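Student: Following this line is work-v6.csv, made up of CSV, C-alpha atoms and all ligand atoms:
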chain,number,residue,atom,x,y,z
A,1,MET,CA,48.5,158.8,30.4
A,2,SER,CA,49.6,162.0,32.0
A,3,ARG,CA,47.6,165.2,31.3
A,4,ILE,CA,49.1,168.2,29.6
A,5,ALA,CA,48.1,171.8,30.1
A,6,TYR,CA,49.0,174.8,28.0
A,7,VAL,CA,50.1,177.8,30.1
A,8,ASN,CA,51.3,181.0,28.5
A,9,GLY,CA,53.1,179.5,25.6
A,10,ARG,CA,54.2,176.2,27.0
A,11,TYR,CA,52.7,172.7,27.1
A,12,GLN,CA,53.4,171.4,30.6
A,13,PRO,CA,52.6,168.3,32.7
A,14,HIS,CA,49.3,169.1,34.4
A,15,ARG,CA,50.8,168.8,37.9
A,16,ASP,CA,53.4,171.5,37.1
A,17,ALA,CA,51.0,173.8,35.3
A,18,VAL,CA,50.8,177.0,37.5
A,19,VAL,CA,50.2,180.7,37.2
A,20,HIS,CA,51.8,183.5,39.2
A,21,VAL,CA,50.4,184.4,42.7
A,22,GLU,CA,49.7,187.9,41.4
A,23,ASP,CA,47.8,186.7,38.3
A,24,ARG,CA,44.7,188.9,38.3
A,25,GLY,CA,42.5,185.9,37.7
A,26,TYR,CA,43.8,184.5,41.0
A,27,GLN,CA,43.4,187.7,42.9
A,28,PHE,CA,40.4,189.4,41.3
A,29,SER,CA,38.7,186.8,39.1
A,30,ASP,CA,39.7,189.3,36.4
A,31,GLY,CA,39.3,187.0,33.5
A,32,VAL,CA,37.0,185.1,31.2
A,33,TYR,CA,36.7,181.5,30.0
A,34,GLU,CA,35.1,179.1,27.5
A,35,VAL,CA,34.2,175.5,27.6
A,36,CYS,CA,33.9,173.7,24.2
A,37,GLU,CA,32.7,170.2,23.7
A,38,VAL,CA,35.0,167.7,22.1
A,39,ARG,CA,33.3,164.9,20.2
A,40,ASP,CA,35.1,162.1,18.2
A,41,GLY,CA,38.3,164.1,18.7
A,42,ARG,CA,36.9,167.3,17.1
A,43,LEU,CA,35.8,170.6,18.6
A,44,VAL,CA,32.0,171.4,18.5
A,45,ASP,CA,31.2,174.9,17.3
A,46,GLU,CA,34.6,176.2,18.1
A,47,ARG,CA,34.0,179.2,15.9
A,48,ARG,CA,31.1,180.4,18.0
A,49,HIS,CA,32.9,179.7,21.3
A,50,LEU,CA,35.9,181.8,20.0
A,51,ALA,CA,33.5,184.6,18.9
A,52,ARG,CA,31.9,184.6,22.4
A,53,LEU,CA,35.4,184.6,24.0
A,54,ALA,CA,36.3,187.6,21.9
A,55,ARG,CA,33.1,189.4,23.0
A,56,SER,CA,33.7,188.6,26.7
A,57,LEU,CA,37.3,190.0,26.4
A,58,ALA,CA,36.1,193.1,24.6
A,59,GLU,CA,33.4,193.8,27.2
A,60,LEU,CA,36.1,193.7,29.9
A,61,ARG,CA,38.8,195.4,27.8
A,62,ILE,CA,41.2,192.5,28.2
A,63,THR,CA,43.7,192.2,25.3
A,64,PRO,CA,43.2,189.0,23.4
A,65,PRO,CA,46.2,186.8,24.0
A,66,MET,CA,46.5,185.8,20.4
A,67,ALA,CA,44.4,185.8,17.2
A,68,ALA,CA,41.6,183.3,16.8
A,69,PRO,CA,43.5,181.0,14.2
A,70,ALA,CA,46.5,180.7,16.6
A,71,LEU,CA,44.2,180.0,19.5
A,72,SER,CA,42.4,177.4,17.5
A,73,ILE,CA,45.8,175.6,17.0
A,74,VAL,CA,46.5,175.7,20.7
A,75,LEU,CA,43.0,174.2,21.5
A,76,HIS,CA,43.4,171.4,19.0
A,77,GLU,CA,47.0,170.7,20.1
A,78,THR,CA,45.8,170.5,23.8
A,79,VAL,CA,43.0,168.1,22.8
A,80,ALA,CA,45.5,166.0,20.8
A,81,ARG,CA,48.2,165.9,23.5
A,82,ASN,CA,45.6,164.8,26.0
A,83,ARG,CA,44.2,162.2,23.6
A,84,VAL,CA,40.6,163.5,24.2
A,85,ARG,CA,38.1,161.9,22.0
A,86,ASP,CA,35.0,162.8,24.0
A,87,GLY,CA,35.1,165.5,26.6
A,88,ILE,CA,35.8,169.2,26.9
A,89,VAL,CA,38.5,171.8,26.2
A,90,TYR,CA,38.7,174.7,28.7
A,91,VAL,CA,40.3,178.0,27.8
A,92,GLN,CA,40.8,180.9,30.3
A,93,VAL,CA,42.2,184.3,29.7
A,94,THR,CA,43.0,186.8,32.5
A,95,ARG,CA,44.2,190.3,32.5
A,96,GLY,CA,47.7,189.0,33.4
A,97,VAL,CA,50.2,189.4,36.2
A,98,ALA,CA,50.7,192.8,38.0
A,99,ARG,CA,51.2,194.2,41.4
A,100,ARG,CA,47.9,194.1,43.3
A,101,ASP,CA,45.8,197.1,42.5
A,102,HIS,CA,42.2,196.9,41.6
A,103,ALA,CA,42.4,199.3,38.6
A,104,PHE,CA,43.7,197.9,35.3
A,105,PRO,CA,47.5,197.4,35.1
A,106,ALA,CA,49.8,199.0,32.6
A,107,PRO,CA,48.4,198.5,29.0
A,108,ALA,CA,51.6,196.5,28.1
A,109,THR,CA,50.7,193.8,30.7
A,110,ALA,CA,50.4,190.5,28.8
A,111,PRO,CA,47.2,188.6,29.3
A,112,SER,CA,47.5,185.0,30.7
A,113,LEU,CA,46.2,182.1,28.7
A,114,VAL,CA,45.5,178.7,30.0
A,115,VAL,CA,44.1,175.8,28.1
A,116,THR,CA,43.2,172.3,29.5
A,117,ALA,CA,41.3,169.4,28.1
A,118,ARG,CA,39.8,166.3,29.6
A,119,SER,CA,37.8,163.3,28.7
A,120,LEU,CA,34.3,162.7,29.8
A,121,ASP,CA,32.6,159.3,29.7
A,122,ARG,CA,30.2,159.5,26.8
A,123,SER,CA,28.2,156.4,27.8
A,124,LYS,CA,27.8,157.7,31.3
A,125,ARG,CA,26.5,161.0,30.0
A,126,GLU,CA,24.0,159.2,27.8
A,127,GLU,CA,22.8,157.1,30.8
A,128,GLU,CA,22.3,160.3,32.8
A,129,ALA,CA,20.3,161.9,30.0
A,130,ALA,CA,18.2,158.7,29.7
A,131,ARG,CA,17.4,158.9,33.4
A,132,GLY,CA,17.0,162.6,33.7
A,133,VAL,CA,18.2,164.8,36.6
A,134,SER,CA,16.9,166.8,39.5
A,135,VAL,CA,17.1,170.6,39.8
A,136,VAL,CA,16.5,172.9,42.7
A,137,THR,CA,15.7,176.6,42.6
A,138,VAL,CA,17.8,179.3,44.3
A,139,PRO,CA,17.4,183.0,44.5
A,140,GLU,CA,19.3,184.9,41.8
A,141,SER,CA,22.4,186.3,43.5
A,142,ARG,CA,24.7,187.2,40.7
A,143,TRP,CA,25.9,190.5,39.2
A,144,SER,CA,24.1,192.2,36.4
A,145,ARG,CA,26.5,191.2,33.5
A,146,VAL,CA,26.3,187.4,33.5
A,147,ASP,CA,26.2,187.7,29.7
A,148,ILE,CA,30.0,188.0,30.0
A,149,LYS,CA,31.5,184.5,30.6
A,150,SER,CA,33.6,185.7,33.5
A,151,ILE,CA,35.6,183.4,35.8
A,152,ALA,CA,34.0,185.2,38.8
A,153,LEU,CA,31.7,182.2,39.6
A,154,LEU,CA,31.3,182.3,43.4
A,155,PRO,CA,27.5,182.6,43.3
A,156,ASN,CA,27.5,179.7,40.8
A,157,VAL,CA,29.8,177.7,43.1
A,158,LEU,CA,27.5,178.2,46.0
A,159,ALA,CA,24.4,177.4,44.0
A,160,LYS,CA,25.9,174.2,42.6
A,161,GLN,CA,27.0,173.1,46.1
A,162,PHE,CA,23.5,173.8,47.4
A,163,ALA,CA,22.1,171.6,44.6
A,164,ARG,CA,24.6,168.9,45.4
A,165,GLU,CA,23.7,168.9,49.0
A,166,GLN,CA,20.0,168.5,48.0
A,167,GLY,CA,20.9,165.6,45.8
A,168,ALA,CA,20.3,167.6,42.7
A,169,ARG,CA,22.4,168.0,39.5
A,170,GLU,CA,21.8,171.7,38.9
A,171,ALA,CA,20.4,174.9,40.5
A,172,TRP,CA,18.1,177.2,38.6
A,173,TYR,CA,18.3,180.9,39.6
A,174,VAL,CA,15.0,182.6,40.1
A,175,ASP,CA,14.8,186.4,39.9
A,176,ARG,CA,12.8,188.7,42.2
A,177,ASP,CA,9.7,188.5,39.9
A,178,GLY,CA,9.6,184.7,40.1
A,179,PHE,CA,11.1,184.1,36.7
A,180,VAL,CA,13.8,181.5,36.1
A,181,THR,CA,16.9,183.0,34.7
A,182,GLU,CA,19.3,180.1,34.0
A,183,GLY,CA,21.2,177.4,35.7
A,184,ALA,CA,24.5,177.7,37.7
A,185,SER,CA,26.3,176.4,34.6
A,186,SER,CA,23.6,175.8,32.0
A,187,ASN,CA,20.6,177.5,30.3
A,188,ALA,CA,17.1,176.5,31.4
A,189,TRP,CA,14.2,175.4,29.2
A,190,ILE,CA,10.7,174.1,29.6
A,191,VAL,CA,8.0,172.7,27.3
A,192,SER,CA,4.9,174.5,28.7
A,193,ASP,CA,1.7,172.7,29.5
A,194,ASP,CA,0.3,173.9,26.1
A,195,GLY,CA,3.4,172.5,24.2
A,196,ARG,CA,5.5,175.6,23.6
A,197,LEU,CA,9.2,175.5,23.9
A,198,LEU,CA,10.2,178.3,26.3
A,199,THR,CA,13.6,179.8,27.2
A,200,ARG,CA,14.5,183.2,28.5
A,201,PRO,CA,15.7,185.8,25.9
A,202,ALA,CA,19.4,186.3,26.0
A,203,ASP,CA,19.6,189.7,27.6
A,204,GLN,CA,22.3,190.6,30.2
A,205,ARG,CA,20.6,188.3,32.8
A,206,ILE,CA,21.8,185.0,31.2
A,207,LEU,CA,24.7,183.7,29.3
A,208,ARG,CA,23.9,183.5,25.6
A,209,GLY,CA,24.6,179.7,25.5
A,210,ILE,CA,26.0,178.3,22.3
A,211,SER,CA,24.1,175.1,23.0
A,212,ARG,CA,21.0,177.2,23.5
A,213,ALA,CA,21.5,178.7,20.0
A,214,ILE,CA,21.9,175.3,18.5
A,215,VAL,CA,18.8,174.0,20.2
A,216,MET,CA,16.8,177.0,18.9
A,217,GLU,CA,18.0,176.0,15.4
A,218,VAL,CA,17.0,172.4,15.9
A,219,ALA,CA,13.6,173.4,17.2
A,220,ARG,CA,13.0,175.7,14.2
A,221,ALA,CA,14.1,173.0,11.8
A,222,HIS,CA,11.6,170.6,13.3
A,223,GLY,CA,8.7,173.1,13.4
A,224,LEU,CA,8.4,173.3,17.1
A,225,VAL,CA,6.7,176.3,18.6
A,226,LEU,CA,9.5,178.3,20.2
A,227,GLU,CA,9.1,181.3,22.4
A,228,GLU,CA,12.0,183.3,23.8
A,229,ARG,CA,10.3,184.6,26.9
A,230,PRO,CA,10.9,184.3,30.6
A,231,PHE,CA,9.0,181.6,32.4
A,232,THR,CA,8.1,181.4,36.1
A,233,VAL,CA,8.9,178.6,38.6
A,234,ALA,CA,5.1,177.9,38.7
A,235,GLU,CA,5.1,177.4,34.9
A,236,ALA,CA,8.1,175.1,35.3
A,237,TYR,CA,6.3,173.0,38.0
A,238,ALA,CA,3.4,172.6,35.6
A,239,ALA,CA,5.5,172.0,32.5
A,240,ARG,CA,5.3,168.9,30.3
A,241,GLU,CA,9.1,168.8,30.2
A,242,ALA,CA,12.1,170.7,31.3
A,243,PHE,CA,15.7,170.5,30.3
A,244,MET,CA,19.0,172.3,30.4
A,245,THR,CA,21.7,173.0,27.8
A,246,ALA,CA,25.4,173.4,28.1
A,247,ALA,CA,28.5,172.4,26.0
A,248,SER,CA,29.4,169.8,28.6
A,249,GLN,CA,26.1,168.1,28.6
A,250,ILE,CA,24.3,169.1,25.4
A,251,VAL,CA,20.5,168.7,26.2
A,252,LEU,CA,20.0,167.2,29.6
A,253,PRO,CA,16.4,166.4,30.7
A,254,VAL,CA,15.2,167.6,34.0
A,255,VAL,CA,12.7,165.3,35.7
A,256,ARG,CA,12.3,166.8,39.1
A,257,LEU,CA,12.2,170.5,40.2
A,258,ASP,CA,12.4,171.2,43.9
A,259,GLY,CA,11.4,167.6,44.5
A,260,ARG,CA,8.3,167.7,42.3
A,261,PRO,CA,8.1,165.5,39.2
A,262,ILE,CA,8.0,167.4,35.9
A,263,GLY,CA,5.4,165.9,33.5
A,264,ALA,CA,5.5,162.2,33.9
A,265,GLY,CA,8.7,162.4,36.0
A,266,ALA,CA,10.7,160.9,33.1
A,267,PRO,CA,12.6,162.5,30.2
A,268,GLY,CA,10.1,163.7,27.6
A,269,PRO,CA,10.0,163.3,23.8
A,270,VAL,CA,10.9,166.9,22.9
A,271,ALA,CA,14.1,166.9,25.0
A,272,ALA,CA,15.1,163.5,23.8
A,273,ALA,CA,14.6,164.6,20.1
A,274,LEU,CA,16.5,167.8,20.6
A,275,ARG,CA,19.4,165.8,22.1
A,276,ARG,CA,19.3,163.2,19.4
A,277,GLU,CA,19.3,165.9,16.6
A,278,PHE,CA,21.7,168.3,18.3
A,279,HIS,CA,25.0,167.4,16.5
A,280,ARG,CA,23.3,167.5,13.1
A,281,HIS,CA,23.2,171.2,13.6
A,282,THR,CA,26.7,171.8,14.9
A,283,GLU,CA,30.0,172.6,13.2
A,284,PHE,CA,33.0,170.3,13.8
A,285,SER,CA,36.6,171.4,13.5
A,301,LIG,N1,28.8,176.5,31.4
A,301,LIG,N2,24.8,179.5,31.5
A,301,LIG,C1,25.9,179.5,32.4
A,301,LIG,C2,25.9,180.2,33.6
A,301,LIG,C3,26.9,178.6,32.0
A,301,LIG,O1,28.0,178.6,32.8
A,301,LIG,C4,26.9,177.9,30.8
A,301,LIG,C5,28.0,177.0,30.3
A,301,LIG,C6,25.8,178.0,30.0
A,301,LIG,C7,25.6,177.3,28.7
A,301,LIG,O2,26.5,177.8,27.7
A,301,LIG,P1,27.0,176.9,26.5
A,301,LIG,O3,25.8,176.2,25.9
A,301,LIG,O4,27.7,177.9,25.6
A,301,LIG,O5,28.0,175.9,27.1
A,301,LIG,C8,24.7,178.8,30.4
A,301,LIG,C9,30.0,175.8,31.0
A,301,LIG,C10,29.8,174.5,30.3
A,301,LIG,C11,30.8,175.6,32.3
A,301,LIG,O6,30.9,176.6,33.1
A,301,LIG,O7,31.4,174.6,32.6
Could you write out this file's structure as structure tokens?
Tutor:
Amino acid sequence: MSRIAYVNGRYQPHRDAVVHVEDRGYQFSDGVYEVCEVRDGRLVDERRHLARLARSLAELRITPPMAAPALSIVLHETVARNRVRDGIVYVQVTRGVARRDHAFPAPATAPSLVVTARSLDRSKREEEAARGVSVVTVPESRWSRVDIKSIALLPNVLAKQFAREQGAREAWYVDRDGFVTEGASSNAWIVSDDGRLLTRPADQRILRGISRAIVMEVARAHGLVLEERPFTVAEAYAAREAFMTAASQIVLPVVRLDGRPIGAGAPGPVAAALRREFHRHTEFS
């Protein structure tokens, strides 16, 4: 089946889906995005993803391309046209097309909107979660507003490539004080050696992950001791468990960090339980 992409008002064959060479996303990374999980043909926590998209747009003073209910229709239509049952839907908004000039274009410039969807193999993802994955640490190298889900991802690209070259699935950024901030495309968590669930507070140094918020709700509902505080790499090495969260992978256990086994070197019970319970706490649409 051929894939379909939505580009500025039209559903097009994926291979023909293009934006203008002077799109500000292409030239300046002047745009934002969202990735929403699709499960059993429905969107997971779409409302929160659209709210975060609205916030990212507002922070960068990009005009929303359409109101949330209309955007929701485009997302569902793109998922349906691509017959995605399990996978992700991707939405990107840029400041539009204008003659190259760093400062904002004329206010009337229309933002560009692109939506794509693709299937992910659910059983393969479950197998990966059952095995657990490796992570390597890298120095934090990003700008100071990573709370905005901007498409400017070059440091994330380089970190992820470094991880891949080390045989790892993800890279965790470490700030100057030795604290883990987050992953190249996920939030970072540990279960400390005294059994506390730790993740960094969502300040401007991390993306306020939707999956992160859900895991916090699951943890509270199950009476786990949850602390929103930064943790060091040393704490992570000594942790009972570690895991990461993101819409594309939910809760993914980390079993090695910089080549050292975490806990027993196998997925732990807390991460497994949080993953199992995750979708009981999400909204489907
Ligand atoms: N990444 N931190 C970063 C830097 C991310 O890129 C992501 C998501 C997250 C987790 O956020 P959420 O739980 O809302 O997906 C944290 C997406 C999936 C991506 O870039 O593909």
Student: Could you list, as a PyMOL selection string, all the residues within 9 Å of ligand LIG 301 (chain A), counting only C-alpha atoms and all ligand atoms?
Tutor: chain A and resi 33-37+48-49+52+88+90+146-147+149+151+153+156+182-188+206-214+244-250
Student: Name the residues in contact with Arg10 (chain A) at a cut-off of 10 Å, using only C-alpha atoms, excluding same-chain residues fewer than 6 positions from it; report them as a PyMOL selection string.
Tutor: chain A and resi 4+17+74+114
Student: Anything within 9 Å of (7.2, 168.3, 30.1): list those residues as a list in words, counting all atoms listed in the file and sticking to the file's coordinates.
Tutor: Ile190, Val191, Ser192, Asp193, Gly195, Ala236, Ala238, Ala239, Arg240, Glu241, Ala242, Phe243, Val254, Val255, Ile262, Gly263, Ala264, Gly265, Ala266, Pro267, Gly268, Pro269, Val270 and Ala271 of chain A
Student: Go ahead and compute the interatomic distance for CA of Val225 (chain A) and CA of Arg196 (chain A), in Å to one decimal.
Tutor: 5.2 Å
Student: When distances are computed from all atoms listed in the file, which of A:Arg229, A:Arg220, A:Arg142, A:Arg99 shows the smallest separation from Pro201 (chain A)?
Tutor: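 Using all atoms listed in the file, the shortest distance to Pro201 (chain A) belongs to A:Arg229.
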Student: Measuring atom to atom with all atoms listed in the file, identify which of A:Leu158, A:Pro253, A:Met1, A:Ser56 is nearest to Glu127 (chain A).
Tutor: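 Of all the options, A:Pro253 lies closest to Glu127 (chain A).
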Student: Can you work out the spacing between CA of Val93 (chain A) and CA of Ala106 (chain A) in Å, to one decimal?
Tutor: 16.8 Å
Student: Give me, please, the distance in Å between CA of Ala272 (chain A) and CA of Phe179 (chain A), quoted to one decimal.
Tutor: 24.6 Å
Student: Can you pull out every residue within 10 Å of Gly178 (chain A), counting all atoms listed in the file, but drop anything in the same chain fewer than 6 positions away, and send it as a count of residues only?
Tutor: 7
Student: Using only C-alpha atoms, can you tell me which of A:Leu198, A:Met66, A:Leu71, A:Ala58 comes closest to Val115 (chain A)?
Tutor: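 Checking each candidate against Val115 (chain A), we get A:Leu71 as the closest.
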Student: Using all atoms listed in the file, find the one residue out of A:Thr116, A:Arg95, A:Ala51, A:Glu165 that sits nearest to His14 (chain A).
Tutor: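 Distance minimum relative to His14 (chain A) lands on A:Thr116.
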Student: With only C-alpha atoms as the basis for distance, which of A:Leu43, A:Val38, A:Leu274, A:Ala163 is at the shortest distance from Trp189 (chain A)?
Tutor: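 Closest to Trp189 (chain A), using only C-alpha atoms: A:Leu274.
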Student: Within 7 Å of Asp86 (chain A), counting only C-alpha atoms, which residues show up once you throw out same-chain ones fewer than 6 positions away? Write them as a list in words, please.
Tutor: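 Returned residues: Val38, Arg39, Asp40, Gly41, Ser119, Leu120 and Arg122 of chain A.
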Student: Using only C-alpha atoms, find the one residue out of A:Ser2, A:Thr181, A:Gln204, A:Gln161 that sits nearest to Arg83 (chain A).
Tutor: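 Of all the options, A:Ser2 lies closest to Arg83 (chain A).
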Student: Name all residues at most 8 Å from Val133 (chain A) (count all atoms listed in the file; drop same-chain ones fewer than 2 positions away) and give them as a list in words.
Tutor: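 Listed by chain and then number, they are Glu128, Ala129, Arg131, Val135, Ala168, Arg169, Leu252, Pro253, Val254, Val255 and Arg256 of chain A.
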Student: Do you know which residues lie at most 10 Å from (17.5, 169.5, 14.1), with coordinates as in the file and all atoms listed in the file counted, and could you write them as a list in words?
Tutor: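 Within the cut-off we find Ile214, Val215, Met216, Glu217, Val218, Ala219, Arg220, Ala221, His222, Gly223, Ala273, Leu274, Arg275, Arg276, Glu277, Phe278, His279, Arg280, His281 and Thr282 of chain A.
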